[in-house]
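A.B. asks: To start, I am sharing the structure in question, which I have written as structure tokens.
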Amino acid sequence: MSEIPAEPEDLTLGDAGRSDRPRVDEARAAAAVRELLLAVGEDPDRPGLQGTPQRVARAYAETFAGLGQDPYDVLATTFDEDHDELVLVKDIPMYSTCEHHLVPFHGAAHIGYIPGEDGRVTGLSKLARLVEVYARRPQVQERMTSQIADALNDVLKPRGVLVIIEAEHLCMAMRGIRKPGSTTVTSAVRGIFRDNPATRSEAMSLVLGR
Ligand SMILES: Nc1nc2c(ncn2[C@@H]2O[C@H](COP(=O)(O)OP(=O)(O)OP(=O)(O)O)[C@@H](O)[C@H]2O)c(=O)[nH]1
Ligand SMILES: [Zn+2]
């Protein structure tokens, strides 16, 4: 088992969402929630709401914990394995927050890759951890899908990466256009999955079961 440095020299920083931010400021979030309750005409001092600003602040700290986490730390441990075929983790449950309305979008992420010539792979759980880091931020589904693919591409140097996310956006279900039940599917393909349509459609059909 060989470890690579957390920051390989040729790492592409770009839009990969790397982070060294501090944790969520809960006192500030609580003050803002109190203000929000006043703005909607509520009484933040009535018994049922007295603990709400602090409670919401704690919930936000959890919901946005990914802002203070570096996705590349998750992938710091890799190992070499003599495997040059598809590795696919399907149906990783995912809860994120739409950055336009700050309400959830949720569904599942599917991540597949074909290791590169050096056979570098990562622990299967790390793929789910990577989803968590990017999901626990104000997000747009397309960006999150690409960020996961780019981080894996940078660190594992695989022959190809395929990321598919299927999600329902509550901003389309509970408000606005009010269409519960619609699913948004996004994909990001890199390497052989981008270059070779047959390889891509084979992996896609494994993921989507059709
Ligand atoms: N492409 C994309 N759009 C998103 C995502 N999450 C939310 N949106 C959309 O962002 C758009 C924001 O549109 P605006 O017109 O600025 O906001 P709005 O008036 O609240 O729009 P409505 O939701 O149509 O009521 C909406 O169409 C949302 O459906 C996402 O992950 N990806
Ligand atoms: Zn939204």
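Identifiers for the structure tokens are assigned positionally: chains receive A, B, ... in sequence, residues are indexed from 1 per chain, and ligands are indexed from 1 in the order shown.
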Around ligand 2, which protein and nucleic acid residues have at least one atom no more than 7 Å from it, if we count only C-alpha atoms and all ligand atoms? List them as a list in words.

C.D. replies: Cys98, Glu99, His100, His101, Leu102, Val103, His169, Cys171 and Met172 of chain A

A.B. asks: Can those selected residues be exported to a file as a PDB file, in the first residue's frame so that it contains N, CA and C atoms?

C.D. replies:
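Writing done, so here's result_1.pdb:
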```pdb
ATOM      1  N   CYS A  98     -29.703  23.649  -2.709  1.00  0.00           N
ATOM      2  CA  CYS A  98     -29.723  24.499  -3.896  1.00  0.00           C
ATOM      3  C   CYS A  98     -29.278  25.913  -3.515  1.00  0.00           C
ATOM      4  N   GLU A  99     -28.270  26.421  -4.210  1.00  0.00           N
ATOM      5  CA  GLU A  99     -27.724  27.715  -3.806  1.00  0.00           C
ATOM      6  C   GLU A  99     -28.623  28.885  -4.184  1.00  0.00           C
ATOM      7  N   HIS A 100     -29.637  28.620  -5.005  1.00  0.00           N
ATOM      8  CA  HIS A 100     -30.548  29.712  -5.378  1.00  0.00           C
ATOM      9  C   HIS A 100     -31.602  29.965  -4.314  1.00  0.00           C
ATOM     10  N   HIS A 101     -32.090  28.906  -3.679  1.00  0.00           N
ATOM     11  CA  HIS A 101     -33.203  29.058  -2.733  1.00  0.00           C
ATOM     12  C   HIS A 101     -32.867  28.538  -1.330  1.00  0.00           C
ATOM     13  N   LEU A 102     -31.705  27.944  -1.175  1.00  0.00           N
ATOM     14  CA  LEU A 102     -31.289  27.337   0.096  1.00  0.00           C
ATOM     15  C   LEU A 102     -32.300  26.316   0.603  1.00  0.00           C
ATOM     16  N   VAL A 103     -32.853  25.548  -0.304  1.00  0.00           N
ATOM     17  CA  VAL A 103     -33.664  24.394   0.091  1.00  0.00           C
ATOM     18  C   VAL A 103     -33.009  23.140  -0.497  1.00  0.00           C
ATOM     19  N   HIS A 169     -35.342  18.407  -6.800  1.00  0.00           N
ATOM     20  CA  HIS A 169     -35.095  19.736  -6.217  1.00  0.00           C
ATOM     21  C   HIS A 169     -36.362  20.206  -5.514  1.00  0.00           C
ATOM     22  N   CYS A 171     -36.958  23.031  -4.443  1.00  0.00           N
ATOM     23  CA  CYS A 171     -37.357  24.366  -4.916  1.00  0.00           C
ATOM     24  C   CYS A 171     -38.289  24.271  -6.120  1.00  0.00           C
ATOM     25  N   MET A 172     -38.305  23.109  -6.773  1.00  0.00           N
ATOM     26  CA  MET A 172     -39.259  22.884  -7.862  1.00  0.00           C
ATOM     27  C   MET A 172     -40.485  22.115  -7.386  1.00  0.00           C
TER      28      MET A 172
END
```

A.B. asks: Report as a PyMOL selection string: the residues of stretch 23-101 of chain A with a DSSP assignment of alpha helix (DSSP H), based on the backbone of this structure.

C.D. replies: chain A and resi 26-39+52-63+71-74

A.B. asks: Please produce a file of those selected residues containing N, CA and C atoms, as a compact mmCIF listing (two decimals), in the first residue's frame.

C.D. replies:
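Resulting contents of out-v6.txt:
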```
# COMPACT_ATOMS: atom_id res chain seq x y z
N GLU A 26 -21.66 29.94 14.06
CA GLU A 26 -23.01 29.60 14.51
C GLU A 26 -23.70 30.79 15.19
N ALA A 27 -22.94 31.63 15.90
CA ALA A 27 -23.56 32.78 16.56
C ALA A 27 -24.15 33.73 15.51
N ARG A 28 -23.39 33.92 14.45
CA ARG A 28 -23.84 34.81 13.38
C ARG A 28 -25.06 34.23 12.67
N ALA A 29 -25.02 32.92 12.44
CA ALA A 29 -26.15 32.25 11.78
C ALA A 29 -27.40 32.35 12.66
N ALA A 30 -27.25 32.17 13.97
CA ALA A 30 -28.40 32.24 14.88
C ALA A 30 -29.01 33.64 14.87
N ALA A 31 -28.16 34.67 14.85
CA ALA A 31 -28.66 36.04 14.82
C ALA A 31 -29.43 36.28 13.52
N ALA A 32 -28.95 35.70 12.42
CA ALA A 32 -29.62 35.87 11.13
C ALA A 32 -30.96 35.15 11.12
N VAL A 33 -31.03 34.00 11.74
CA VAL A 33 -32.30 33.24 11.78
C VAL A 33 -33.32 34.00 12.62
N ARG A 34 -32.86 34.56 13.71
CA ARG A 34 -33.78 35.38 14.54
C ARG A 34 -34.35 36.53 13.70
N GLU A 35 -33.49 37.15 12.95
CA GLU A 35 -33.88 38.26 12.07
C GLU A 35 -34.89 37.78 11.02
N LEU A 36 -34.64 36.62 10.49
CA LEU A 36 -35.53 36.03 9.47
C LEU A 36 -36.92 35.76 10.06
N LEU A 37 -36.95 35.26 11.29
CA LEU A 37 -38.24 35.00 11.94
C LEU A 37 -39.02 36.30 12.12
N LEU A 38 -38.30 37.35 12.50
CA LEU A 38 -38.95 38.66 12.63
C LEU A 38 -39.47 39.11 11.26
N ALA A 39 -38.66 38.89 10.23
CA ALA A 39 -39.02 39.35 8.88
C ALA A 39 -40.29 38.67 8.36
N THR A 52 -34.98 28.07 18.56
CA THR A 52 -34.89 27.81 17.12
C THR A 52 -33.66 28.44 16.43
N PRO A 53 -33.34 29.69 16.71
CA PRO A 53 -32.17 30.24 16.00
C PRO A 53 -30.90 29.40 16.24
N GLN A 54 -30.67 28.99 17.48
CA GLN A 54 -29.47 28.19 17.76
C GLN A 54 -29.57 26.81 17.10
N ARG A 55 -30.80 26.26 17.13
CA ARG A 55 -31.00 24.93 16.53
C ARG A 55 -30.74 24.99 15.02
N VAL A 56 -31.29 26.02 14.37
CA VAL A 56 -31.10 26.15 12.92
C VAL A 56 -29.62 26.38 12.61
N ALA A 57 -28.96 27.17 13.46
CA ALA A 57 -27.52 27.43 13.24
C ALA A 57 -26.73 26.12 13.31
N ARG A 58 -27.07 25.28 14.27
CA ARG A 58 -26.37 23.98 14.36
C ARG A 58 -26.67 23.13 13.12
N ALA A 59 -27.94 23.17 12.69
CA ALA A 59 -28.31 22.39 11.50
C ALA A 59 -27.56 22.92 10.26
N TYR A 60 -27.42 24.24 10.17
CA TYR A 60 -26.69 24.83 9.05
C TYR A 60 -25.20 24.43 9.10
N ALA A 61 -24.67 24.41 10.32
CA ALA A 61 -23.26 24.01 10.45
C ALA A 61 -23.06 22.61 9.89
N GLU A 62 -24.05 21.76 10.10
CA GLU A 62 -23.96 20.39 9.57
C GLU A 62 -24.21 20.39 8.05
N THR A 63 -25.23 21.11 7.65
CA THR A 63 -25.61 21.13 6.23
C THR A 63 -24.49 21.70 5.34
N PRO A 71 -11.90 18.53 -0.27
CA PRO A 71 -12.20 17.22 -0.88
C PRO A 71 -10.95 16.39 -1.16
N TYR A 72 -9.82 17.09 -1.38
CA TYR A 72 -8.61 16.33 -1.70
C TYR A 72 -8.05 15.60 -0.48
N ASP A 73 -8.40 16.07 0.72
CA ASP A 73 -8.01 15.34 1.93
C ASP A 73 -8.67 13.96 1.95
N VAL A 74 -9.92 13.93 1.48
CA VAL A 74 -10.65 12.66 1.45
C VAL A 74 -9.92 11.63 0.60
```

A.B. asks: For ligand 1, which residue out of A:Glu202, A:Asp195, A:Glu168, A:Glu42 is the nearest one, using only C-alpha atoms and all ligand atoms?

C.D. replies: A:Glu168

A.B. asks: May I have the residues within 6 Å of A:Glu166 as a PyMOL selection string, using only C-alpha atoms and disregarding those fewer than 6 positions away in the same chain?

C.D. replies: chain A and resi 107-108+184-185

A.B. asks: Would you save the residues of that selection, restricted to C-alpha atoms, as a PDB file, in the first residue's frame?

C.D. replies:
```pdb
ATOM      1  CA  GLY A 107     -31.237  11.845  -4.594  1.00  0.00           C
ATOM      2  CA  ALA A 108     -28.373   9.546  -5.463  1.00  0.00           C
ATOM      3  CA  THR A 184     -32.910  16.020 -12.704  1.00  0.00           C
ATOM      4  CA  VAL A 185     -30.126  13.826 -14.074  1.00  0.00           C
TER       5      VAL A 185
END
```

A.B. asks: From a backbone DSSP assignment, name each residue in stretch 21-178 of chain A labelled strand (DSSP E), as a VMD selection string.

C.D. replies: chain A and resid 78 to 80 87 to 98 104 to 114 120 to 122 138 to 139 160 to 169

A.B. asks: Next, write the just-selected residues to a file, as a compact mmCIF listing (two decimals), in the first residue's frame, keeping N, CA and C atoms as the atom set.

C.D. replies:
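Final output, saved to selection.txt:
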```txt
# COMPACT_ATOMS: atom_id res chain seq x y z
N THR A 78 -4.59 6.57 -1.21
CA THR A 78 -4.91 5.74 -2.37
C THR A 78 -4.00 4.54 -2.33
N PHE A 79 -4.33 3.53 -3.10
CA PHE A 79 -3.42 2.40 -3.17
C PHE A 79 -3.41 1.82 -4.58
N ASP A 80 -2.34 1.10 -4.85
CA ASP A 80 -2.19 0.54 -6.18
C ASP A 80 -2.72 -0.88 -6.20
N VAL A 87 -14.66 0.28 -11.94
CA VAL A 87 -15.07 0.27 -10.52
C VAL A 87 -16.27 1.20 -10.46
N LEU A 88 -17.40 0.69 -9.96
CA LEU A 88 -18.62 1.49 -9.98
C LEU A 88 -19.32 1.39 -8.63
N VAL A 89 -19.54 2.54 -7.99
CA VAL A 89 -20.34 2.57 -6.75
C VAL A 89 -21.63 3.28 -7.09
N LYS A 90 -22.72 2.56 -6.96
CA LYS A 90 -24.03 3.09 -7.35
C LYS A 90 -24.84 3.51 -6.14
N ASP A 91 -25.82 4.37 -6.38
CA ASP A 91 -26.85 4.66 -5.38
C ASP A 91 -26.29 5.19 -4.07
N ILE A 92 -25.35 6.13 -4.16
CA ILE A 92 -24.84 6.79 -2.95
C ILE A 92 -25.86 7.88 -2.58
N PRO A 93 -26.56 7.74 -1.45
CA PRO A 93 -27.58 8.73 -1.11
C PRO A 93 -26.94 10.10 -0.94
N MET A 94 -27.64 11.12 -1.38
CA MET A 94 -27.05 12.45 -1.41
C MET A 94 -28.09 13.52 -1.03
N TYR A 95 -27.74 14.38 -0.09
CA TYR A 95 -28.57 15.53 0.26
C TYR A 95 -27.71 16.77 0.10
N SER A 96 -28.14 17.68 -0.75
CA SER A 96 -27.41 18.93 -0.92
C SER A 96 -28.40 20.09 -0.80
N THR A 97 -27.88 21.30 -1.01
CA THR A 97 -28.72 22.50 -0.85
C THR A 97 -28.57 23.37 -2.08
N CYS A 98 -29.70 23.65 -2.71
CA CYS A 98 -29.72 24.50 -3.90
C CYS A 98 -29.28 25.91 -3.52
N PRO A 104 -33.35 21.98 0.05
CA PRO A 104 -32.61 20.78 -0.36
C PRO A 104 -32.89 20.32 -1.79
N PHE A 105 -31.89 19.71 -2.37
CA PHE A 105 -32.13 18.79 -3.48
C PHE A 105 -31.46 17.48 -3.07
N HIS A 106 -32.14 16.39 -3.39
CA HIS A 106 -31.64 15.13 -2.84
C HIS A 106 -31.90 13.98 -3.81
N GLY A 107 -31.11 12.99 -3.69
CA GLY A 107 -31.24 11.85 -4.59
C GLY A 107 -30.07 10.91 -4.41
N ALA A 108 -29.46 10.52 -5.53
CA ALA A 108 -28.37 9.55 -5.46
C ALA A 108 -27.27 9.93 -6.44
N ALA A 109 -26.04 9.59 -6.03
CA ALA A 109 -24.89 9.78 -6.91
C ALA A 109 -24.35 8.40 -7.29
N HIS A 110 -23.87 8.31 -8.52
CA HIS A 110 -23.27 7.07 -9.02
C HIS A 110 -21.89 7.45 -9.56
N ILE A 111 -20.87 6.75 -9.11
CA ILE A 111 -19.51 7.11 -9.51
C ILE A 111 -18.80 5.88 -10.06
N GLY A 112 -18.30 6.00 -11.28
CA GLY A 112 -17.54 4.91 -11.87
C GLY A 112 -16.22 5.42 -12.39
N TYR A 113 -15.20 4.59 -12.31
CA TYR A 113 -13.93 4.96 -12.95
C TYR A 113 -13.18 3.72 -13.37
N ILE A 114 -12.31 3.90 -14.34
CA ILE A 114 -11.42 2.83 -14.78
C ILE A 114 -10.01 3.26 -14.41
N ARG A 120 -3.92 2.97 -9.83
CA ARG A 120 -4.24 3.63 -8.56
C ARG A 120 -5.75 3.64 -8.31
N VAL A 121 -6.13 3.15 -7.15
CA VAL A 121 -7.55 3.17 -6.76
C VAL A 121 -7.66 3.84 -5.39
N THR A 122 -8.90 4.14 -5.01
CA THR A 122 -9.12 4.68 -3.68
C THR A 122 -10.13 3.79 -2.96
N PRO A 138 -23.62 25.14 -0.36
CA PRO A 138 -24.61 25.67 -1.32
C PRO A 138 -24.17 25.22 -2.71
N GLN A 139 -25.06 24.57 -3.45
CA GLN A 139 -24.60 23.94 -4.68
C GLN A 139 -25.55 24.13 -5.85
N GLY A 160 -10.61 6.77 -17.09
CA GLY A 160 -11.87 7.50 -17.28
C GLY A 160 -12.64 7.61 -15.98
N VAL A 161 -13.47 8.64 -15.91
CA VAL A 161 -14.35 8.84 -14.76
C VAL A 161 -15.75 9.18 -15.28
N LEU A 162 -16.75 8.62 -14.61
CA LEU A 162 -18.15 8.91 -14.95
C LEU A 162 -18.89 9.18 -13.65
N VAL A 163 -19.53 10.33 -13.57
CA VAL A 163 -20.33 10.66 -12.38
C VAL A 163 -21.73 11.02 -12.85
N ILE A 164 -22.71 10.38 -12.25
CA ILE A 164 -24.11 10.69 -12.57
C ILE A 164 -24.82 11.01 -11.26
N ILE A 165 -25.58 12.10 -11.26
CA ILE A 165 -26.38 12.43 -10.09
C ILE A 165 -27.84 12.55 -10.53
N GLU A 166 -28.71 11.89 -9.79
CA GLU A 166 -30.15 11.98 -10.01
C GLU A 166 -30.76 12.61 -8.78
N ALA A 167 -31.48 13.71 -8.93
CA ALA A 167 -31.98 14.39 -7.74
C ALA A 167 -33.33 15.06 -7.98
N GLU A 168 -34.07 15.18 -6.89
CA GLU A 168 -35.29 15.99 -6.89
C GLU A 168 -34.97 17.31 -6.19
N HIS A 169 -35.34 18.41 -6.80
CA HIS A 169 -35.10 19.74 -6.22
C HIS A 169 -36.36 20.21 -5.51
```

A.B. asks: Atom 5 (C, counted along the ligand's line) of ligand 1 to atom CA of A:Leu152: how many Å, to one decimal?

C.D. replies: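 Pair atom 5 (C, counted along the ligand's line) of ligand 1 / atom CA of A:Leu152 returns 23.0 Å.
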
A.B. asks: Rank nothing, just name the residue among A:Asn153, A:Ser205, A:Ser182, A:Ser19 nearest to ligand 1, using only C-alpha atoms and all ligand atoms.

C.D. replies: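 Of the candidates, the smallest distance to ligand 1 is held by A:Ser182.
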
A.B. asks: Which residue is closest to ligand 1? Choose from A:Arg178, A:Arg159, A:Arg137, A:Arg23 and count only C-alpha atoms and all ligand atoms.

C.D. replies: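 Between A:Arg178, A:Arg159, A:Arg137, A:Arg23, the residue approaching ligand 1 most closely is A:Arg178.
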
A.B. asks: When you count only C-alpha atoms, which of these residues is closest to A:Asp84: A:Gly66, A:Gln50, A:Pro158, A:Ala173?

C.D. replies: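 Closest to A:Asp84, using only C-alpha atoms: A:Pro158.
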
A.B. asks: Can you tell me how far atom CA of A:Val140 sits from atom 32 (N, counted along the ligand's line) of ligand 1, in Å to one decimal?

C.D. replies: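 Atom 32 (N, counted along the ligand's line) of ligand 1 lies 4.7 Å from atom CA of A:Val140.
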
A.B. asks: Would you mind reading off the distance between atom CA of A:Lys157 and atom CA of A:Thr199, one decimal, in Å?

C.D. replies: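 Computed distance, atom CA of A:Lys157 to atom CA of A:Thr199, equals 17.6 Å.
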